[in-house]
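Novice: Below is the file start-v6.cif, with mmCIF, C-alpha atoms.
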data_start
loop_
_atom_site.label_atom_id
_atom_site.label_comp_id
_atom_site.auth_asym_id
_atom_site.auth_seq_id
_atom_site.Cartn_x
_atom_site.Cartn_y
_atom_site.Cartn_z
CA MET A 1 12.92 18.54 22.81
CA GLY A 2 9.39 17.43 21.86
CA LYS A 3 8.06 13.91 21.89
CA GLU A 4 8.00 11.91 18.68
CA THR A 5 4.64 10.52 17.57
CA THR A 6 4.48 6.74 17.28
CA ILE A 7 2.00 4.43 15.60
CA ASP A 8 0.84 1.30 17.40
CA ASP A 9 -1.74 -0.01 14.95
CA ARG A 10 -1.82 -1.39 11.43
CA TYR A 11 -4.33 1.22 10.21
CA VAL A 12 -3.34 4.91 10.26
CA THR A 13 -4.82 8.11 8.83
CA PHE A 14 -2.67 10.24 6.53
CA GLU A 15 -3.40 13.41 4.59
CA ALA A 16 -3.21 13.09 0.80
CA ASP A 17 -0.73 15.37 -0.95
CA VAL A 18 -3.16 15.75 -3.88
CA PRO A 19 -6.49 14.21 -2.76
CA ALA A 20 -7.89 13.92 -6.32
CA ASP A 21 -4.95 11.66 -7.30
CA LEU A 22 -6.09 9.00 -4.80
CA VAL A 23 -9.79 8.87 -5.65
CA GLY A 24 -10.65 5.37 -6.89
CA LYS A 25 -7.21 4.04 -5.94
CA GLU A 26 -8.17 1.88 -2.96
CA ASP A 27 -5.89 -1.19 -2.67
CA TYR A 28 -2.94 0.65 -4.25
CA TYR A 29 0.47 1.07 -2.56
CA VAL A 30 1.28 4.53 -1.19
CA GLU A 31 4.44 6.28 -0.05
CA LEU A 32 5.20 9.41 1.94
CA VAL A 33 5.96 12.63 0.09
CA ALA A 34 9.55 13.65 0.90
CA GLY A 35 9.79 16.02 3.85
CA SER A 36 6.16 15.57 4.96
CA ARG A 37 3.60 13.18 6.46
CA LYS A 38 1.42 13.38 3.34
CA ILE A 39 0.89 10.41 1.04
CA GLN A 40 0.83 9.81 -2.70
CA LEU A 41 0.66 6.72 -4.90
CA ALA A 42 3.89 4.74 -4.74
CA THR A 43 6.42 5.84 -7.34
CA THR A 44 10.12 5.19 -6.77
CA GLY A 45 10.16 5.77 -3.00
CA VAL A 46 9.49 3.31 -0.19
CA ALA A 47 5.93 1.97 -0.11
CA ILE A 48 4.61 2.33 3.46
CA GLY A 49 1.16 0.83 3.07
CA VAL A 50 -1.96 0.23 1.02
CA LEU A 51 -4.70 2.82 0.54
CA LYS A 52 -7.97 1.74 2.15
CA VAL A 53 -10.70 4.34 2.72
CA ARG A 54 -11.12 8.08 2.24
CA LEU A 55 -12.68 9.77 5.22
CA GLN A 56 -15.93 11.29 3.97
CA GLY A 57 -15.52 14.81 2.66
CA ALA A 58 -11.91 14.99 3.79
CA LYS A 59 -8.42 14.98 2.33
CA ASP A 60 -7.50 12.23 4.81
CA TRP A 61 -7.23 8.53 3.99
CA THR A 62 -6.90 5.37 6.05
CA VAL A 63 -3.78 3.40 5.13
CA ARG A 64 -3.05 -0.24 6.02
CA LEU A 65 0.63 -0.16 6.97
CA LEU A 66 3.05 -2.77 5.63
CA GLY A 67 5.12 -4.97 7.94
CA CYS A 68 2.34 -5.60 10.46
CA GLY A 69 1.86 -9.29 9.64
CA GLY A 70 -1.24 -11.03 8.35
CA THR A 71 -2.40 -10.36 4.80
CA TYR A 72 -3.57 -7.34 2.82
CA ARG A 73 -5.25 -6.62 -0.52
CA VAL A 74 -3.55 -4.86 -3.41
CA LYS A 75 -4.28 -4.40 -7.11
CA ALA A 76 -1.97 -6.14 -9.60
CA SER A 77 -0.79 -4.51 -12.83
CA GLY A 78 0.48 -7.66 -14.49
CA ALA A 79 0.89 -11.41 -14.20
CA ILE A 80 2.11 -12.65 -10.80
CA THR A 81 2.46 -16.35 -10.06
CA HIS A 82 1.07 -17.89 -6.88
CA LEU A 83 3.50 -17.52 -3.92
CA ALA A 84 5.81 -15.21 -5.92
CA ALA A 85 7.45 -12.23 -4.22
CA VAL A 86 5.70 -8.94 -5.05
CA LYS A 87 6.76 -5.31 -4.94
CA ALA A 88 5.19 -1.90 -5.46
CA ALA A 89 5.35 -0.61 -9.02
CA ASN A 90 5.47 3.02 -10.11
CA GLY A 91 1.80 4.04 -9.90
CA GLY A 92 1.02 1.99 -6.78
CA THR A 93 0.09 -1.42 -8.19
CA ALA A 94 1.69 -4.77 -7.37
CA VAL A 95 4.06 -6.54 -9.74
CA ALA A 96 6.28 -9.61 -9.51
CA GLN A 97 9.47 -8.66 -7.67
CA GLY A 98 11.66 -10.47 -10.22
CA GLY A 99 14.89 -10.29 -8.23
CA SER A 100 15.12 -6.51 -7.86
CA GLY A 101 13.39 -4.04 -5.59
CA ARG A 102 12.00 -4.25 -2.06
CA ILE A 103 9.73 -7.24 -1.43
CA THR A 104 6.39 -6.15 0.03
CA GLY A 105 4.99 -9.68 0.40
CA TYR A 106 4.11 -12.96 -1.31
CA LEU A 107 1.03 -13.61 -3.46
CA LEU A 108 -1.45 -15.91 -1.70
CA SER A 109 -4.53 -15.39 -3.83
CA PRO A 110 -5.60 -15.89 -6.54
CA VAL A 111 -4.14 -19.39 -6.42
CA ALA A 112 -4.44 -19.64 -10.20
CA ASN A 113 -2.02 -16.66 -10.50
CA ALA A 114 -2.84 -12.96 -10.74
CA ALA A 115 -3.45 -10.97 -13.91
CA ALA A 116 -3.59 -7.23 -14.54
CA ASN A 117 -6.36 -5.50 -12.55
CA ASP A 118 -6.89 -8.43 -10.14
CA VAL A 119 -7.26 -7.50 -6.49
CA CYS A 120 -4.88 -9.91 -4.77
CA GLU A 121 -4.30 -11.18 -1.26
CA VAL A 122 -0.64 -10.77 -0.24
CA LEU A 123 1.16 -12.20 2.78
CA ASP A 124 2.61 -9.19 4.63
CA VAL A 125 6.36 -9.94 4.78
CA LEU A 126 8.89 -7.19 4.05
CA ALA A 127 12.34 -8.08 2.75
#
Let me see whether you can do it: turn the structure in this file into structure tokens.
Specialist:
Amino acid sequence: MGKETTIDDRYVTFEADVPADLVGKEDYYVELVAGSRKIQLATTGVAIGVLKVRLQGAKDWTVRLLGCGGTYRVKASGAITHLAAVKAANGGTAVAQGGSGRITGYLLSPVANAAANDVCEVLDVLA
């Protein structure tokens, strides 16, 4: 039986399932494609992290994993009130959790509430 790979860092490199789909999507939630270790924008699966940087000339991207503590940046796709629970929406943006769906954190900034297309700071707490 082989050894399982483990990740002991909050930033990890993943291969994009369709690299062109992630271009310009930094600060969007991503999920794993079923049956692989490739990533795509979050849809209806489990968001694992936030897209950070494409490695130059490659199909690989650096992802900031969720659940590591601290804060992270993510793009909002609608109004989110300060300190509200957020979740990943279909398409990889952040929306107010509104009582359903997996909480991916709590909005810290902007303090004056987030609007569509704002890049927000989110407290990294999974629930």
Novice: Hey, which of A:Lys3, A:His82, A:Lys59, A:Lys52 ends up closest to Asp17 (chain A)? Count only C-alpha atoms.
Specialist: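 Of all the options, A:Lys59 lies closest to Asp17 (chain A).
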Novice: Could you pull the residues within 10 Å of Leu123 (chain A), counting all atoms listed in the file, minus those fewer than 2 positions along the same chain, as a ChimeraX atom specification?
Specialist: /A:67,69-73,83,85-86,104-109,120-121,125-126
Novice: What is the distance between CA of Val23 (chain A) and CA of Asp124 (chain A), in Å to one decimal?
Specialist: 24.2 Å
Novice: Please, what distance in Å, to one decimal, runs between CA of Asn117 (chain A) and CA of Ala47 (chain A)?
Specialist: 19.0 Å
Novice: For Lys25 (chain A), please output as number ranges by chain all residues within 10 Å (counting all atoms listed in the file; exclusion window: fewer than 5 positions along the same chain).
Specialist: A: 20, 30, 41, 50-54, 74-75, 91-93
Novice: Got time to write the residues from that selection, C-alpha atoms, as a JSON list (two decimals), keeping the file's coordinate frame?
Specialist:
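What landed in selection-v6.json:
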[["chain", "number", "residue", "atom", "x", "y", "z"],
["A", 20, "ALA", "CA", -7.89, 13.92, -6.32],
["A", 30, "VAL", "CA", 1.28, 4.53, -1.19],
["A", 41, "LEU", "CA", 0.66, 6.72, -4.90],
["A", 50, "VAL", "CA", -1.96, 0.23, 1.02],
["A", 51, "LEU", "CA", -4.70, 2.82, 0.54],
["A", 52, "LYS", "CA", -7.97, 1.74, 2.15],
["A", 53, "VAL", "CA", -10.70, 4.34, 2.72],
["A", 54, "ARG", "CA", -11.12, 8.08, 2.24],
["A", 74, "VAL", "CA", -3.55, -4.86, -3.41],
["A", 75, "LYS", "CA", -4.28, -4.40, -7.11],
["A", 91, "GLY", "CA", 1.80, 4.04, -9.90],
["A", 92, "GLY", "CA", 1.02, 1.99, -6.78],
["A", 93, "THR", "CA", 0.09, -1.42, -8.19]]
Novice: Hey, which bits of region 13-77 of chain A sit within 12 Å of region 97-103 of chain A, and for each residue what's the closest pair of atoms and how far apart in Å (one decimal), counting only C-alpha atoms, rows by chain and increasing number, as JSON lines?
Specialist:
{"residue": "A:Thr44", "atom": "CA", "partner": "A:Gly101", "partner_atom": "CA", "distance": 9.9}
{"residue": "A:Gly45", "atom": "CA", "partner": "A:Arg102", "partner_atom": "CA", "distance": 10.2}
{"residue": "A:Val46", "atom": "CA", "partner": "A:Arg102", "partner_atom": "CA", "distance": 8.2}
{"residue": "A:Ala47", "atom": "CA", "partner": "A:Arg102", "partner_atom": "CA", "distance": 8.9}
{"residue": "A:Ile48", "atom": "CA", "partner": "A:Arg102", "partner_atom": "CA", "distance": 11.3}
{"residue": "A:Leu66", "atom": "CA", "partner": "A:Ile103", "partner_atom": "CA", "distance": 10.7}
{"residue": "A:Gly67", "atom": "CA", "partner": "A:Ile103", "partner_atom": "CA", "distance": 10.7}
{"residue": "A:Ala76", "atom": "CA", "partner": "A:Gln97", "partner_atom": "CA", "distance": 11.9}
Novice: Please enclose the listed atoms of region 81-85 of chain A in an axis-aligned box, pad each side by 4 Å, and write out the centre and the three edge lengths in Å, rounded to one decimal, as lines of an AutoDock Vina configuration file.
Specialist:
center_x = 4.3
center_y = -15.1
center_z = -7.0
size_x = 14.4
size_y = 13.7
size_z = 14.1
Novice: Using all atoms listed in the file, which residues sit within 8 Å of Ala16 (chain A) once same-chain residues fewer than 3 positions away are excluded, as a ChimeraX atom specification?
Specialist: /A:19,22,38-40,59-61
Novice: CA of Asp27 (chain A) and CA of Glu15 (chain A), how far apart in Å?
Specialist: 16.5 Å
Novice: For Asn113 (chain A), which residue among A:Gly49, A:Gly24, A:Gly35, A:Gly78 is the nearest when counting only C-alpha atoms?
Specialist: A:Gly78
Novice: Nearest residue to Leu65 (chain A) out of A:Val18, A:Val119, A:Ala114, A:Glu31, using all atoms listed in the file?
Specialist: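 Residue with the minimum atom-to-atom distance to Leu65 (chain A): A:Glu31.
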Novice: Counting only C-alpha atoms, which of A:Ala84, A:Ala79, A:Ala112, A:Leu32 gets nearest to Val63 (chain A)?
Specialist: A:Leu32
Novice: Kindly complete region 113-124 of chain A to all heavy atoms; the output should be written as a PDB file, in the coordinates of the input.
Specialist:
ATOM      1  N   ASN A 113      -2.862 -17.772 -10.058  1.00  0.00           N
ATOM      2  CA  ASN A 113      -2.020 -16.660 -10.500  1.00  0.00           C
ATOM      3  C   ASN A 113      -2.835 -15.393 -10.736  1.00  0.00           C
ATOM      4  O   ASN A 113      -4.028 -15.463 -11.055  1.00  0.00           O
ATOM      5  CB  ASN A 113      -1.197 -16.998 -11.743  1.00  0.00           C
ATOM      6  CG  ASN A 113      -0.337 -18.212 -11.542  1.00  0.00           C
ATOM      7  OD1 ASN A 113       0.092 -18.509 -10.429  1.00  0.00           O
ATOM      8  ND2 ASN A 113      -0.056 -18.925 -12.632  1.00  0.00           N
ATOM      9  N   ALA A 114      -2.172 -14.249 -10.584  1.00  0.00           N
ATOM     10  CA  ALA A 114      -2.840 -12.960 -10.740  1.00  0.00           C
ATOM     11  C   ALA A 114      -2.593 -12.414 -12.142  1.00  0.00           C
ATOM     12  O   ALA A 114      -1.546 -12.657 -12.744  1.00  0.00           O
ATOM     13  CB  ALA A 114      -2.304 -11.972  -9.708  1.00  0.00           C
ATOM     14  N   ALA A 115      -3.567 -11.667 -12.622  1.00  0.00           N
ATOM     15  CA  ALA A 115      -3.450 -10.970 -13.910  1.00  0.00           C
ATOM     16  C   ALA A 115      -3.664  -9.481 -13.656  1.00  0.00           C
ATOM     17  O   ALA A 115      -4.067  -9.075 -12.564  1.00  0.00           O
ATOM     18  CB  ALA A 115      -4.502 -11.504 -14.879  1.00  0.00           C
ATOM     19  N   ALA A 116      -3.396  -8.674 -14.665  1.00  0.00           N
ATOM     20  CA  ALA A 116      -3.590  -7.230 -14.540  1.00  0.00           C
ATOM     21  C   ALA A 116      -5.005  -6.915 -14.067  1.00  0.00           C
ATOM     22  O   ALA A 116      -5.969  -7.537 -14.512  1.00  0.00           O
ATOM     23  CB  ALA A 116      -3.328  -6.559 -15.882  1.00  0.00           C
ATOM     24  N   ASN A 117      -5.113  -6.000 -13.133  1.00  0.00           N
ATOM     25  CA  ASN A 117      -6.360  -5.500 -12.550  1.00  0.00           C
ATOM     26  C   ASN A 117      -7.004  -6.432 -11.527  1.00  0.00           C
ATOM     27  O   ASN A 117      -8.063  -6.113 -11.000  1.00  0.00           O
ATOM     28  CB  ASN A 117      -7.372  -5.096 -13.625  1.00  0.00           C
ATOM     29  CG  ASN A 117      -6.839  -3.974 -14.474  1.00  0.00           C
ATOM     30  OD1 ASN A 117      -6.285  -2.999 -13.963  1.00  0.00           O
ATOM     31  ND2 ASN A 117      -6.959  -4.108 -15.781  1.00  0.00           N
ATOM     32  N   ASP A 118      -6.394  -7.584 -11.235  1.00  0.00           N
ATOM     33  CA  ASP A 118      -6.890  -8.430 -10.140  1.00  0.00           C
ATOM     34  C   ASP A 118      -6.591  -7.771  -8.811  1.00  0.00           C
ATOM     35  O   ASP A 118      -5.539  -7.168  -8.630  1.00  0.00           O
ATOM     36  CB  ASP A 118      -6.207  -9.808 -10.144  1.00  0.00           C
ATOM     37  CG  ASP A 118      -6.727 -10.757 -11.198  1.00  0.00           C
ATOM     38  OD1 ASP A 118      -7.742 -10.432 -11.847  1.00  0.00           O
ATOM     39  OD2 ASP A 118      -6.104 -11.818 -11.385  1.00  0.00           O
ATOM     40  N   VAL A 119      -7.527  -7.888  -7.872  1.00  0.00           N
ATOM     41  CA  VAL A 119      -7.260  -7.500  -6.490  1.00  0.00           C
ATOM     42  C   VAL A 119      -6.787  -8.760  -5.797  1.00  0.00           C
ATOM     43  O   VAL A 119      -7.496  -9.763  -5.774  1.00  0.00           O
ATOM     44  CB  VAL A 119      -8.498  -6.883  -5.819  1.00  0.00           C
ATOM     45  CG1 VAL A 119      -8.205  -6.590  -4.350  1.00  0.00           C
ATOM     46  CG2 VAL A 119      -8.908  -5.606  -6.542  1.00  0.00           C
ATOM     47  N   CYS A 120      -5.565  -8.724  -5.271  1.00  0.00           N
ATOM     48  CA  CYS A 120      -4.880  -9.910  -4.770  1.00  0.00           C
ATOM     49  C   CYS A 120      -4.757  -9.880  -3.254  1.00  0.00           C
ATOM     50  O   CYS A 120      -4.723  -8.813  -2.645  1.00  0.00           O
ATOM     51  CB  CYS A 120      -3.477  -9.975  -5.348  1.00  0.00           C
ATOM     52  SG  CYS A 120      -3.429  -9.858  -7.133  1.00  0.00           S
ATOM     53  N   GLU A 121      -4.617 -11.066  -2.672  1.00  0.00           N
ATOM     54  CA  GLU A 121      -4.300 -11.180  -1.260  1.00  0.00           C
ATOM     55  C   GLU A 121      -2.794 -11.466  -1.172  1.00  0.00           C
ATOM     56  O   GLU A 121      -2.278 -12.381  -1.810  1.00  0.00           O
ATOM     57  CB  GLU A 121      -5.061 -12.316  -0.592  1.00  0.00           C
ATOM     58  CG  GLU A 121      -4.733 -12.448   0.884  1.00  0.00           C
ATOM     59  CD  GLU A 121      -5.411 -13.642   1.553  1.00  0.00           C
ATOM     60  OE1 GLU A 121      -5.883 -14.543   0.841  1.00  0.00           O
ATOM     61  OE2 GLU A 121      -5.439 -13.657   2.798  1.00  0.00           O
ATOM     62  N   VAL A 122      -2.088 -10.671  -0.366  1.00  0.00           N
ATOM     63  CA  VAL A 122      -0.640 -10.770  -0.240  1.00  0.00           C
ATOM     64  C   VAL A 122      -0.273 -10.988   1.220  1.00  0.00           C
ATOM     65  O   VAL A 122      -0.788 -10.325   2.104  1.00  0.00           O
ATOM     66  CB  VAL A 122       0.042  -9.483  -0.774  1.00  0.00           C
ATOM     67  CG1 VAL A 122       1.535  -9.495  -0.548  1.00  0.00           C
ATOM     68  CG2 VAL A 122      -0.281  -9.280  -2.255  1.00  0.00           C
ATOM     69  N   LEU A 123       0.617 -11.958   1.450  1.00  0.00           N
ATOM     70  CA  LEU A 123       1.160 -12.200   2.780  1.00  0.00           C
ATOM     71  C   LEU A 123       2.105 -11.063   3.115  1.00  0.00           C
ATOM     72  O   LEU A 123       3.023 -10.754   2.356  1.00  0.00           O
ATOM     73  CB  LEU A 123       1.916 -13.532   2.814  1.00  0.00           C
ATOM     74  CG  LEU A 123       2.534 -13.947   4.135  1.00  0.00           C
ATOM     75  CD1 LEU A 123       1.466 -14.160   5.198  1.00  0.00           C
ATOM     76  CD2 LEU A 123       3.357 -15.215   3.956  1.00  0.00           C
ATOM     77  N   ASP A 124       1.877 -10.404   4.255  1.00  0.00           N
ATOM     78  CA  ASP A 124       2.610  -9.190   4.630  1.00  0.00           C
ATOM     79  C   ASP A 124       3.976  -9.541   5.239  1.00  0.00           C
ATOM     80  O   ASP A 124       4.105  -9.713   6.434  1.00  0.00           O
ATOM     81  CB  ASP A 124       1.777  -8.379   5.615  1.00  0.00           C
ATOM     82  CG  ASP A 124       2.368  -7.028   5.917  1.00  0.00           C
ATOM     83  OD1 ASP A 124       3.427  -6.686   5.361  1.00  0.00           O
ATOM     84  OD2 ASP A 124       1.768  -6.291   6.729  1.00  0.00           O
TER      85      ASP A 124
END
